[in-house]
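**Student:** Contents of protein07.cif (mmCIF, C-alpha atoms and all ligand atoms):
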```cif
data_model
#
loop_
_atom_site.label_atom_id
_atom_site.label_comp_id
_atom_site.auth_asym_id
_atom_site.auth_seq_id
_atom_site.Cartn_x
_atom_site.Cartn_y
_atom_site.Cartn_z
CA MET A 1 -16.62 -17.24 -10.14
CA GLU A 2 -14.04 -16.24 -12.69
CA ILE A 3 -12.53 -12.88 -11.83
CA ARG A 4 -12.51 -10.58 -14.82
CA THR A 5 -13.13 -7.10 -13.46
CA VAL A 6 -11.12 -5.69 -10.58
CA GLY A 7 -12.30 -2.52 -8.85
CA VAL A 8 -9.62 -0.28 -7.33
CA VAL A 9 -10.65 2.35 -4.79
CA GLY A 10 -8.19 5.23 -4.54
CA ALA A 11 -5.94 6.34 -7.39
CA GLY A 12 -2.98 7.58 -5.35
CA THR A 13 0.50 6.06 -5.26
CA MET A 14 -0.69 2.55 -4.43
CA GLY A 15 -4.06 2.53 -6.22
CA ARG A 16 -2.45 3.67 -9.46
CA GLY A 17 0.26 1.01 -9.21
CA ILE A 18 -2.25 -1.71 -8.36
CA ALA A 19 -4.51 -0.68 -11.26
CA HIS A 20 -1.47 -0.85 -13.55
CA VAL A 21 -0.48 -4.35 -12.35
CA ALA A 22 -4.07 -5.61 -12.61
CA ALA A 23 -4.50 -4.27 -16.17
CA ARG A 24 -1.09 -5.64 -17.18
CA SER A 25 -2.22 -9.05 -15.94
CA GLY A 26 -5.30 -9.03 -18.16
CA PHE A 27 -7.98 -7.87 -15.72
CA LYS A 28 -10.42 -5.12 -16.63
CA VAL A 29 -10.02 -2.37 -14.06
CA ARG A 30 -12.51 0.12 -12.65
CA LEU A 31 -10.45 2.81 -10.97
CA TYR A 32 -12.34 5.07 -8.57
CA ASP A 33 -11.26 8.22 -6.74
CA LEU A 34 -13.06 11.27 -5.41
CA THR A 35 -12.67 13.69 -8.33
CA PRO A 36 -11.98 13.63 -12.10
CA GLU A 37 -8.90 15.84 -11.47
CA ILE A 38 -7.30 13.23 -9.18
CA LEU A 39 -8.05 10.51 -11.73
CA ASN A 40 -6.67 12.60 -14.62
CA ASN A 41 -3.46 13.17 -12.69
CA SER A 42 -3.20 9.54 -11.85
CA MET A 43 -3.74 8.40 -15.45
CA ALA A 44 -1.24 11.02 -16.69
CA ASN A 45 1.29 9.61 -14.24
CA LEU A 46 0.65 6.10 -15.45
CA LYS A 47 0.95 7.15 -19.11
CA ALA A 48 4.29 8.84 -18.40
CA LEU A 49 5.54 5.67 -16.72
CA LEU A 50 4.43 3.50 -19.65
CA GLU A 51 6.03 5.89 -22.17
CA LYS A 52 9.29 5.66 -20.25
CA SER A 53 9.11 1.86 -20.45
CA ILE A 54 8.45 2.08 -24.21
CA SER A 55 11.42 4.42 -24.74
CA LYS A 56 13.65 2.01 -22.83
CA GLY A 57 12.44 -0.88 -25.01
CA ARG A 58 10.84 -2.71 -22.07
CA LEU A 59 7.29 -2.42 -23.41
CA THR A 60 5.71 -2.19 -26.86
CA LYS A 61 3.33 0.64 -27.74
CA GLU A 62 0.57 -1.97 -28.32
CA ALA A 63 1.05 -3.48 -24.86
CA ALA A 64 0.95 -0.01 -23.27
CA ASP A 65 -2.24 0.85 -25.18
CA ASP A 66 -3.79 -2.43 -24.03
CA ILE A 67 -3.00 -1.60 -20.40
CA LEU A 68 -4.55 1.86 -20.70
CA GLU A 69 -7.60 0.54 -22.51
CA ARG A 70 -8.32 -1.94 -19.74
CA ILE A 71 -8.47 0.80 -17.08
CA GLU A 72 -11.71 2.72 -16.76
CA PRO A 73 -11.29 5.67 -14.39
CA SER A 74 -14.41 7.15 -12.81
CA SER A 75 -15.39 9.38 -9.91
CA ASP A 76 -18.77 7.64 -9.76
CA PHE A 77 -18.66 5.05 -6.95
CA ASN A 78 -21.44 3.04 -8.61
CA THR A 79 -19.11 1.98 -11.44
CA LEU A 80 -17.50 -0.40 -8.91
CA SER A 81 -20.68 -2.44 -8.55
CA GLU A 82 -19.85 -4.80 -11.44
CA SER A 83 -16.44 -5.71 -10.00
CA ASP A 84 -15.68 -9.37 -9.25
CA PHE A 85 -12.94 -8.36 -6.82
CA VAL A 86 -12.29 -4.95 -5.21
CA ILE A 87 -8.99 -3.65 -3.86
CA GLU A 88 -9.31 -0.64 -1.57
CA ALA A 89 -6.24 1.64 -1.58
CA ALA A 90 -7.74 4.88 -0.30
CA VAL A 91 -6.17 7.15 2.28
CA GLU A 92 -5.10 5.48 5.58
CA ASN A 93 -8.06 6.60 7.68
CA ILE A 94 -10.28 4.13 9.49
CA ASP A 95 -13.52 6.11 9.05
CA VAL A 96 -12.93 6.51 5.31
CA LYS A 97 -12.20 2.80 4.94
CA LYS A 98 -15.21 1.74 7.03
CA ASP A 99 -17.49 3.91 4.94
CA ILE A 100 -16.05 2.45 1.69
CA PHE A 101 -16.52 -1.16 2.87
CA ASP A 102 -20.03 -0.46 4.10
CA ARG A 103 -21.05 1.02 0.75
CA LEU A 104 -19.17 -1.52 -1.38
CA SER A 105 -20.60 -4.54 0.42
CA LYS A 106 -24.13 -3.31 -0.20
CA MET A 107 -23.68 -2.97 -3.95
CA VAL A 108 -21.35 -5.71 -5.23
CA LYS A 109 -22.35 -9.32 -6.02
CA ALA A 110 -22.65 -11.69 -3.04
CA GLU A 111 -19.49 -13.62 -3.98
CA THR A 112 -17.30 -10.56 -4.66
CA VAL A 113 -14.24 -10.48 -2.42
CA LEU A 114 -13.29 -7.10 -0.94
CA VAL A 115 -9.71 -6.49 0.15
CA THR A 116 -7.93 -3.59 1.78
CA ASN A 117 -4.36 -2.52 1.14
CA THR A 118 -4.14 -0.90 4.59
CA SER A 119 -0.70 -0.87 6.15
CA SER A 120 -1.83 -0.67 9.72
CA ILE A 121 -5.58 -0.68 10.33
CA SER A 122 -7.23 -3.84 11.69
CA ILE A 123 -8.74 -5.95 8.89
CA THR A 124 -11.39 -7.20 11.32
CA GLU A 125 -12.52 -3.66 12.15
CA ILE A 126 -12.77 -2.73 8.48
CA ALA A 127 -14.57 -6.03 7.71
CA LYS A 128 -17.10 -5.43 10.48
CA ALA A 129 -18.21 -2.25 8.73
CA SER A 130 -19.28 -4.37 5.75
CA THR A 131 -22.33 -6.59 5.43
CA LYS A 132 -20.18 -9.65 4.59
CA PRO A 133 -17.04 -9.73 6.76
CA GLU A 134 -16.28 -13.31 5.67
CA LYS A 135 -15.55 -11.97 2.17
CA VAL A 136 -13.10 -9.34 3.43
CA ALA A 137 -9.33 -9.77 3.77
CA GLY A 138 -6.15 -7.74 3.73
CA MET A 139 -4.09 -7.64 0.53
CA HIS A 140 -0.99 -5.67 1.33
CA PHE A 141 1.08 -4.60 -1.67
CA PHE A 142 4.48 -2.94 -1.41
CA ASN A 143 5.59 0.27 -3.04
CA PRO A 144 6.07 0.44 -6.02
CA ALA A 145 3.26 -2.06 -6.57
CA GLU A 146 4.36 -2.62 -10.18
CA VAL A 147 7.76 -3.85 -9.06
CA MET A 148 7.58 -5.41 -5.62
CA LYS A 149 6.87 -9.12 -5.69
CA LEU A 150 5.46 -9.66 -2.23
CA VAL A 151 1.80 -9.46 -1.27
CA GLU A 152 0.78 -10.16 2.33
CA VAL A 153 -2.66 -11.78 2.47
CA ILE A 154 -4.18 -11.14 5.88
CA ARG A 155 -7.02 -13.03 7.50
CA GLY A 156 -9.38 -10.94 9.55
CA TYR A 157 -11.27 -12.64 12.37
CA TYR A 158 -14.19 -13.50 10.08
CA THR A 159 -12.35 -14.17 6.79
CA GLU A 160 -13.37 -17.53 5.31
CA ASP A 161 -10.92 -19.97 3.64
CA GLN A 162 -12.44 -19.46 0.19
CA THR A 163 -11.75 -15.71 0.45
CA VAL A 164 -8.07 -16.32 1.24
CA LYS A 165 -7.89 -18.77 -1.67
CA THR A 166 -9.37 -16.19 -4.06
CA VAL A 167 -6.94 -13.49 -2.93
CA PHE A 168 -4.03 -15.89 -3.45
CA GLU A 169 -5.27 -16.67 -6.98
CA VAL A 170 -5.61 -12.99 -7.89
CA ALA A 171 -2.17 -12.19 -6.43
CA LYS A 172 -0.59 -15.00 -8.45
CA LYS A 173 -2.34 -13.94 -11.63
CA MET A 174 -0.83 -10.51 -11.03
CA GLY A 175 2.62 -12.15 -10.95
CA LYS A 176 2.99 -11.64 -7.20
CA GLU A 177 4.25 -13.97 -4.46
CA PRO A 178 1.59 -14.04 -1.74
CA ILE A 179 2.21 -15.10 1.86
CA GLU A 180 -0.53 -15.81 4.36
CA VAL A 181 -0.69 -13.76 7.54
CA LYS A 182 -2.83 -15.98 9.75
CA ARG A 183 -3.67 -13.41 12.42
CA ASP A 184 -4.77 -9.83 12.07
CA THR A 185 -1.99 -8.06 13.98
CA PRO A 186 -0.52 -4.55 13.60
CA GLY A 187 2.16 -4.42 10.90
CA PHE A 188 1.48 -7.97 9.68
CA VAL A 189 4.92 -9.56 9.03
CA VAL A 190 7.07 -7.10 7.10
CA ASN A 191 6.30 -3.89 8.97
CA ARG A 192 6.37 -5.68 12.32
CA LEU A 193 10.02 -6.46 11.59
CA LEU A 194 10.79 -3.23 9.75
CA ILE A 195 9.53 -0.65 12.24
CA PRO A 196 11.70 -1.67 15.22
CA PHE A 197 14.63 -1.95 12.78
CA LEU A 198 14.17 1.66 11.57
CA SER A 199 13.66 2.86 15.11
CA GLU A 200 16.85 1.17 16.34
CA ALA A 201 18.83 2.69 13.44
CA MET A 202 17.57 6.18 14.38
CA GLN A 203 18.46 5.60 18.02
CA LEU A 204 21.97 4.47 17.05
CA ALA A 205 22.41 7.75 15.17
CA GLU A 206 20.93 9.75 18.09
CA GLU A 207 23.43 8.13 20.45
CA GLY A 208 26.27 9.09 18.08
CA VAL A 209 27.31 5.46 17.64
CA ALA A 210 27.71 5.90 13.88
CA SER A 211 26.74 8.43 11.23
CA ILE A 212 23.55 8.05 9.24
CA GLU A 213 25.58 7.37 6.09
CA ASP A 214 27.65 4.70 7.83
CA ILE A 215 24.59 2.96 9.30
CA ASP A 216 23.07 2.77 5.81
CA LYS A 217 26.38 1.52 4.42
CA ALA A 218 26.64 -1.12 7.16
CA ILE A 219 23.22 -2.54 6.38
CA LYS A 220 23.73 -2.50 2.62
CA LEU A 221 27.16 -4.11 2.69
CA GLY A 222 26.75 -6.22 5.82
CA LEU A 223 23.26 -7.59 5.24
CA ASN A 224 22.99 -7.14 1.49
CA HIS A 225 19.89 -4.93 1.74
CA PRO A 226 19.41 -2.76 -1.36
CA MET A 227 18.70 0.30 0.83
CA GLY A 228 19.88 1.32 4.28
CA PRO A 229 17.31 2.07 7.01
CA PHE A 230 17.54 5.86 6.54
CA GLU A 231 17.17 5.63 2.77
CA LEU A 232 14.19 3.35 3.26
CA ALA A 233 12.58 5.65 5.84
CA ASP A 234 13.06 8.55 3.41
CA PHE A 235 11.55 6.58 0.58
CA SER A 236 8.50 5.70 2.68
CA GLY A 237 8.15 9.27 4.00
CA LEU A 238 9.15 10.16 7.57
CA ASP A 239 5.62 11.28 8.43
CA VAL A 240 4.31 7.84 7.38
CA VAL A 241 7.02 6.04 9.39
CA LEU A 242 6.22 8.18 12.46
CA SER A 243 2.50 7.51 12.25
CA VAL A 244 3.09 3.74 12.00
CA MET A 245 5.44 3.87 15.01
CA GLU A 246 2.85 5.81 17.02
CA TYR A 247 0.21 3.30 16.04
CA PHE A 248 2.39 0.33 17.06
CA TYR A 249 3.25 2.01 20.36
CA GLY A 250 -0.44 2.55 21.06
CA GLU A 251 -1.40 -1.02 20.14
CA PHE A 252 1.45 -2.97 21.77
CA GLY A 253 2.21 -0.51 24.59
CA LYS A 254 5.88 -1.57 24.62
CA SER A 255 8.74 0.91 24.80
CA LYS A 256 10.55 -0.76 21.91
CA TYR A 257 7.90 0.73 19.62
CA ALA A 258 8.17 4.29 20.99
CA PRO A 259 9.09 6.70 18.14
CA PRO A 260 12.61 8.17 18.42
CA LEU A 261 12.67 11.86 19.43
CA SER A 262 14.79 12.78 16.40
CA LEU A 263 12.10 11.48 14.08
CA LYS A 264 9.38 13.41 15.93
CA ARG A 265 11.49 16.59 15.71
CA LEU A 266 12.06 16.21 11.97
CA VAL A 267 8.39 15.61 11.19
CA ALA A 268 7.33 18.50 13.45
CA ALA A 269 9.73 20.72 11.46
CA GLY A 270 8.03 19.65 8.23
CA ARG A 271 10.94 17.46 7.09
CA TYR A 272 9.26 14.45 5.58
CA GLY A 273 12.52 13.08 4.22
CA ARG A 274 15.92 13.32 5.84
CA LYS A 275 17.78 13.57 2.60
CA ASN A 276 18.40 16.78 0.71
CA LYS A 277 20.76 17.23 -2.24
CA LYS A 278 23.78 17.51 0.05
CA GLY A 279 22.94 14.42 2.06
CA PHE A 280 20.86 13.74 5.15
CA TYR A 281 19.42 16.47 7.37
CA GLU A 282 21.21 16.92 10.63
CA TYR A 283 19.15 16.41 13.74
N1 LIG B 1 2.58 4.32 0.07
C1 LIG B 1 3.01 3.15 0.50
O1 LIG B 1 4.21 2.87 0.54
C2 LIG B 1 2.01 2.09 0.91
C3 LIG B 1 2.42 0.74 0.89
C4 LIG B 1 1.48 -0.25 1.22
C5 LIG B 1 0.19 0.11 1.58
N2 LIG B 1 -0.17 1.44 1.61
C6 LIG B 1 -1.55 1.76 1.96
O2 LIG B 1 -2.24 2.03 0.75
C7 LIG B 1 -3.28 2.98 0.98
C8 LIG B 1 -3.11 4.16 0.05
O3 LIG B 1 -1.84 4.73 0.27
P1 LIG B 1 -1.16 5.70 -0.82
O4 LIG B 1 0.26 5.81 -0.43
O5 LIG B 1 -1.54 5.28 -2.18
O6 LIG B 1 -1.89 7.09 -0.47
P2 LIG B 1 -2.13 8.34 -1.44
O7 LIG B 1 -2.31 9.50 -0.52
O8 LIG B 1 -1.10 8.42 -2.50
O9 LIG B 1 -3.53 8.02 -2.15
C9 LIG B 1 -4.73 7.92 -1.43
C10 LIG B 1 -5.87 8.21 -2.38
O10 LIG B 1 -7.09 7.97 -1.69
C11 LIG B 1 -8.01 8.89 -2.18
N3 LIG B 1 -9.16 8.99 -1.30
C12 LIG B 1 -9.34 9.72 -0.18
N4 LIG B 1 -10.57 9.50 0.32
C13 LIG B 1 -11.18 8.61 -0.50
C14 LIG B 1 -12.45 8.00 -0.53
N5 LIG B 1 -13.38 8.27 0.38
N6 LIG B 1 -12.73 7.14 -1.52
C15 LIG B 1 -11.81 6.86 -2.47
N7 LIG B 1 -10.58 7.41 -2.51
C16 LIG B 1 -10.28 8.27 -1.53
C17 LIG B 1 -7.24 10.19 -2.32
O11 LIG B 1 -7.90 11.11 -3.18
C18 LIG B 1 -5.90 9.67 -2.87
O12 LIG B 1 -5.89 9.70 -4.29
C19 LIG B 1 -3.21 3.33 2.46
O13 LIG B 1 -4.11 2.51 3.16
C20 LIG B 1 -1.77 2.99 2.82
O14 LIG B 1 -1.61 2.67 4.17
C21 LIG B 1 0.70 2.43 1.27
#
```
Transcribe the structure of this file into structure tokens.
**Tutor:**
Amino acid sequence: MEIRTVGVVGAGTMGRGIAHVAARSGFKVRLYDLTPEILNNSMANLKALLEKSISKGRLTKEAADDILERIEPSSDFNTLSESDFVIEAAVENIDVKKDIFDRLSKMVKAETVLVTNTSSISITEIAKASTKPEKVAGMHFFNPAEVMKLVEVIRGYYTEDQTVKTVFEVAKKMGKEPIEVKRDTPGFVVNRLLIPFLSEAMQLAEEGVASIEDIDKAIKLGLNHPMGPFELADFSGLDVVLSVMEYFYGEFGKSKYAPPLSLKRLVAAGRYGRKNKKGFYEY
């Protein structure tokens, strides 16, 4: 089946970016979220981004109009039924995702592949909530989805080869570089490596081994990373980082995944980023 129409569930940070990439790559997009207000906000955000690209000479007005024309936002779930491929990027909550996959699988065509952009939930568990788990896989984009090249394609327990092949084809058509994650494990590849790295950086700072600024500097200049671990944790949101650490700790049960106390304290205090205008928050 030729994939022409891509459904995107959730119009938040990731859904909006994914809808943008899909439309830019020539797919028709059905963008769904719970309310017209959320969708209006999301489309306004996208328009502002496109206008910025036009003003910087990176995009023509015609190309921007084409992108916007290809996206059809709707708060009616049924508009997703004609999709040839659906990417779920709703809130990270297992019950919400199970409900979406249950409903989607009952209304799309038999051959339609359904993927989830979850960062941490088991693909197999989400797939089991659908009526066709062999057509379900993980398709993990990175933020910002418009910019980041990598897509992790994750096999759930039931995912068939043809499904993986289709996800690879869609990712490539979107200009992405897919990698295959052969087993459905927490964090897949990137976050499995990233989370202990962030945690170790926070523990180094807790122990007073080096300042936050110097740890970031060390990683940028010593390993050539574009961002240090604290900048990256800030960018992702400390509450998000904490919840992934807690999830890993629960799943693997190993102390190396236990969230650092400093991170717990900051999130409990409502600090979702360490950085303020003067620098990083003390802790
Ligand atoms: N933000 C990141 O850096 C990042 C990176 C990779 C993957 N992810 C994953 O992408 C998904 C979305 O994350 P986000 O950062 O875009 O979150 P977000 O909070 O920005 O957006 C989530 C959207 O889901 C919508 N939503 C809630 N319930 C829904 C439902 N029942 N049906 C449809 N939409 C619903 C919300 O209205 C909201 O617009 C999560 O699974 C997250 O783990 C996030």
**Student:** Please provide the set of residues having any atom within 12 Å of Met174 of chain A, restricted to only C-alpha atoms, with same-chain residues fewer than 4 positions apart removed, written as a PyMOL selection string.
**Tutor:** chain A and resi 3+6+17-27+141+145-151+167-170+178
**Student:** Under the rule that all atoms listed in the file are counted, which of A:Lys220, A:Lys106, A:Lys28, A:Arg192 is the nearest residue to Phe252 of chain A?
**Tutor:**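 Of the candidates, the smallest distance to Phe252 of chain A is held by A:Arg192.
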**Student:** Taking (-25.0, -2.3, -4.5) as a centre in this file's frame and 12 Å as the limit, can you find every polymer residue with an atom that close, using only C-alpha atoms, and give them as a PyMOL selection string?
**Tutor:** chain A and resi 77-83+100-110+112+130-131
**Student:** For those residues, write C-alpha atoms to a file as a short mmCIF file (atom, residue, chain, number, x, y, z; two decimals), keeping the file's coordinate frame.
**Tutor:**
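Written output follows (out19.cif):
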```
data_model
loop_
_atom_site.label_atom_id
_atom_site.label_comp_id
_atom_site.auth_asym_id
_atom_site.auth_seq_id
_atom_site.Cartn_x
_atom_site.Cartn_y
_atom_site.Cartn_z
CA PHE A 77 -18.66 5.05 -6.95
CA ASN A 78 -21.44 3.04 -8.61
CA THR A 79 -19.11 1.98 -11.44
CA LEU A 80 -17.50 -0.40 -8.91
CA SER A 81 -20.68 -2.44 -8.55
CA GLU A 82 -19.85 -4.80 -11.44
CA SER A 83 -16.44 -5.71 -10.00
CA ILE A 100 -16.05 2.45 1.69
CA PHE A 101 -16.52 -1.16 2.87
CA ASP A 102 -20.03 -0.46 4.10
CA ARG A 103 -21.05 1.02 0.75
CA LEU A 104 -19.17 -1.52 -1.38
CA SER A 105 -20.60 -4.54 0.42
CA LYS A 106 -24.13 -3.31 -0.20
CA MET A 107 -23.68 -2.97 -3.95
CA VAL A 108 -21.35 -5.71 -5.23
CA LYS A 109 -22.35 -9.32 -6.02
CA ALA A 110 -22.65 -11.69 -3.04
CA THR A 112 -17.30 -10.56 -4.66
CA SER A 130 -19.28 -4.37 5.75
CA THR A 131 -22.33 -6.59 5.43
#
```
**Student:** Choose the residue, out of A:Thr159, A:Pro259, A:Ser211, A:Tyr249, that has the smallest atom-to-atom separation from Ser199 of chain A; count all atoms listed in the file.
**Tutor:**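 Smallest separation from Ser199 of chain A among the options: A:Pro259.
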**Student:** In terms of the shortest atom-to-atom distance over all atoms listed in the file, which of A:Ala64, A:Leu194, A:Val91, A:Val240 is closest to ligand LIG 1 (chain B)?
**Tutor:**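 Smallest distance to ligand LIG 1 (chain B) is found for A:Val91.
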**Student:** Mind listing the residues within 7 Å of ligand LIG 1 (chain B), only C-alpha atoms and all ligand atoms counted, as a compact mmCIF listing (two decimals) with C-alpha atoms, in the frame of the given file?
**Tutor:**
```txt
# COMPACT_ATOMS: atom_id res chain seq x y z
CA VAL A 9 -10.65 2.35 -4.79
CA GLY A 10 -8.19 5.23 -4.54
CA ALA A 11 -5.94 6.34 -7.39
CA GLY A 12 -2.98 7.58 -5.35
CA THR A 13 0.50 6.06 -5.26
CA MET A 14 -0.69 2.55 -4.43
CA GLY A 15 -4.06 2.53 -6.22
CA TYR A 32 -12.34 5.07 -8.57
CA ASP A 33 -11.26 8.22 -6.74
CA LEU A 34 -13.06 11.27 -5.41
CA ILE A 38 -7.30 13.23 -9.18
CA ALA A 89 -6.24 1.64 -1.58
CA ALA A 90 -7.74 4.88 -0.30
CA VAL A 91 -6.17 7.15 2.28
CA GLU A 92 -5.10 5.48 5.58
CA VAL A 96 -12.93 6.51 5.31
CA ILE A 100 -16.05 2.45 1.69
CA ASN A 117 -4.36 -2.52 1.14
CA THR A 118 -4.14 -0.90 4.59
CA SER A 119 -0.70 -0.87 6.15
CA SER A 120 -1.83 -0.67 9.72
CA HIS A 140 -0.99 -5.67 1.33
CA PHE A 141 1.08 -4.60 -1.67
CA PHE A 142 4.48 -2.94 -1.41
CA ASN A 143 5.59 0.27 -3.04
CA SER A 236 8.50 5.70 2.68
```
**Student:** Any idea what the distance is between atom CA of Ala48 of chain A and atom CA of Ile67 of chain A?
**Tutor:**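 If I compute the distance from atom CA of Ala48 of chain A to atom CA of Ile67 of chain A, I get 12.9 Å.
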**Student:** Could you give me segment 200-225 of chain A completed to N, CA and C atoms, formatted as a PDB file, in the frame of the given file?
**Tutor:**
```pdb
ATOM      1  N   GLU A 200      15.536   1.456  15.735  1.00  0.00           N
ATOM      2  CA  GLU A 200      16.850   1.170  16.340  1.00  0.00           C
ATOM      3  C   GLU A 200      17.954   1.911  15.582  1.00  0.00           C
ATOM      4  N   ALA A 201      17.829   1.984  14.247  1.00  0.00           N
ATOM      5  CA  ALA A 201      18.830   2.690  13.440  1.00  0.00           C
ATOM      6  C   ALA A 201      18.844   4.173  13.840  1.00  0.00           C
ATOM      7  N   MET A 202      17.650   4.760  14.018  1.00  0.00           N
ATOM      8  CA  MET A 202      17.570   6.180  14.380  1.00  0.00           C
ATOM      9  C   MET A 202      18.154   6.406  15.777  1.00  0.00           C
ATOM     10  N   GLN A 203      17.909   5.445  16.678  1.00  0.00           N
ATOM     11  CA  GLN A 203      18.460   5.600  18.020  1.00  0.00           C
ATOM     12  C   GLN A 203      19.979   5.467  18.032  1.00  0.00           C
ATOM     13  N   LEU A 204      20.504   4.593  17.170  1.00  0.00           N
ATOM     14  CA  LEU A 204      21.970   4.470  17.050  1.00  0.00           C
ATOM     15  C   LEU A 204      22.576   5.805  16.629  1.00  0.00           C
ATOM     16  N   ALA A 205      21.910   6.454  15.647  1.00  0.00           N
ATOM     17  CA  ALA A 205      22.410   7.750  15.170  1.00  0.00           C
ATOM     18  C   ALA A 205      22.268   8.803  16.268  1.00  0.00           C
ATOM     19  N   GLU A 206      21.145   8.784  16.989  1.00  0.00           N
ATOM     20  CA  GLU A 206      20.930   9.750  18.090  1.00  0.00           C
ATOM     21  C   GLU A 206      22.028   9.626  19.145  1.00  0.00           C
ATOM     22  N   GLU A 207      22.410   8.368  19.421  1.00  0.00           N
ATOM     23  CA  GLU A 207      23.430   8.130  20.450  1.00  0.00           C
ATOM     24  C   GLU A 207      24.839   8.441  19.937  1.00  0.00           C
ATOM     25  N   GLY A 208      24.958   8.761  18.650  1.00  0.00           N
ATOM     26  CA  GLY A 208      26.270   9.090  18.080  1.00  0.00           C
ATOM     27  C   GLY A 208      27.145   7.873  17.853  1.00  0.00           C
ATOM     28  N   VAL A 209      26.533   6.694  17.812  1.00  0.00           N
ATOM     29  CA  VAL A 209      27.310   5.460  17.640  1.00  0.00           C
ATOM     30  C   VAL A 209      27.933   5.408  16.243  1.00  0.00           C
ATOM     31  N   ALA A 210      27.182   5.847  15.250  1.00  0.00           N
ATOM     32  CA  ALA A 210      27.710   5.900  13.880  1.00  0.00           C
ATOM     33  C   ALA A 210      26.910   6.965  13.125  1.00  0.00           C
ATOM     34  N   SER A 211      27.465   7.418  12.008  1.00  0.00           N
ATOM     35  CA  SER A 211      26.740   8.430  11.230  1.00  0.00           C
ATOM     36  C   SER A 211      25.611   7.753  10.458  1.00  0.00           C
ATOM     37  N   ILE A 212      24.670   8.566  10.025  1.00  0.00           N
ATOM     38  CA  ILE A 212      23.550   8.050   9.240  1.00  0.00           C
ATOM     39  C   ILE A 212      24.071   7.322   7.995  1.00  0.00           C
ATOM     40  N   GLU A 213      25.027   7.971   7.320  1.00  0.00           N
ATOM     41  CA  GLU A 213      25.580   7.370   6.090  1.00  0.00           C
ATOM     42  C   GLU A 213      26.226   6.026   6.386  1.00  0.00           C
ATOM     43  N   ASP A 214      26.962   5.953   7.524  1.00  0.00           N
ATOM     44  CA  ASP A 214      27.650   4.700   7.830  1.00  0.00           C
ATOM     45  C   ASP A 214      26.672   3.596   8.263  1.00  0.00           C
ATOM     46  N   ILE A 215      25.586   3.979   8.913  1.00  0.00           N
ATOM     47  CA  ILE A 215      24.590   2.960   9.300  1.00  0.00           C
ATOM     48  C   ILE A 215      23.973   2.373   8.027  1.00  0.00           C
ATOM     49  N   ASP A 216      23.616   3.259   7.084  1.00  0.00           N
ATOM     50  CA  ASP A 216      23.070   2.770   5.810  1.00  0.00           C
ATOM     51  C   ASP A 216      24.079   1.859   5.096  1.00  0.00           C
ATOM     52  N   LYS A 217      25.333   2.309   5.090  1.00  0.00           N
ATOM     53  CA  LYS A 217      26.380   1.520   4.420  1.00  0.00           C
ATOM     54  C   LYS A 217      26.525   0.146   5.088  1.00  0.00           C
ATOM     55  N   ALA A 218      26.478   0.144   6.416  1.00  0.00           N
ATOM     56  CA  ALA A 218      26.640  -1.120   7.160  1.00  0.00           C
ATOM     57  C   ALA A 218      25.555  -2.118   6.768  1.00  0.00           C
ATOM     58  N   ILE A 219      24.341  -1.629   6.673  1.00  0.00           N
ATOM     59  CA  ILE A 219      23.220  -2.540   6.380  1.00  0.00           C
ATOM     60  C   ILE A 219      23.280  -3.010   4.925  1.00  0.00           C
ATOM     61  N   LYS A 220      23.675  -2.102   4.035  1.00  0.00           N
ATOM     62  CA  LYS A 220      23.730  -2.500   2.620  1.00  0.00           C
ATOM     63  C   LYS A 220      24.850  -3.518   2.388  1.00  0.00           C
ATOM     64  N   LEU A 221      26.020  -3.226   2.968  1.00  0.00           N
ATOM     65  CA  LEU A 221      27.160  -4.110   2.690  1.00  0.00           C
ATOM     66  C   LEU A 221      27.212  -5.309   3.635  1.00  0.00           C
ATOM     67  N   GLY A 222      26.681  -5.132   4.840  1.00  0.00           N
ATOM     68  CA  GLY A 222      26.750  -6.220   5.820  1.00  0.00           C
ATOM     69  C   GLY A 222      25.591  -7.193   5.718  1.00  0.00           C
ATOM     70  N   LEU A 223      24.437  -6.699   5.308  1.00  0.00           N
ATOM     71  CA  LEU A 223      23.260  -7.590   5.240  1.00  0.00           C
ATOM     72  C   LEU A 223      22.739  -7.735   3.815  1.00  0.00           C
ATOM     73  N   ASN A 224      23.401  -7.053   2.902  1.00  0.00           N
ATOM     74  CA  ASN A 224      22.990  -7.140   1.490  1.00  0.00           C
ATOM     75  C   ASN A 224      21.606  -6.564   1.213  1.00  0.00           C
ATOM     76  N   HIS A 225      21.162  -5.607   2.031  1.00  0.00           N
ATOM     77  CA  HIS A 225      19.890  -4.930   1.740  1.00  0.00           C
ATOM     78  C   HIS A 225      20.140  -3.926   0.610  1.00  0.00           C
TER      79      HIS A 225
END
```
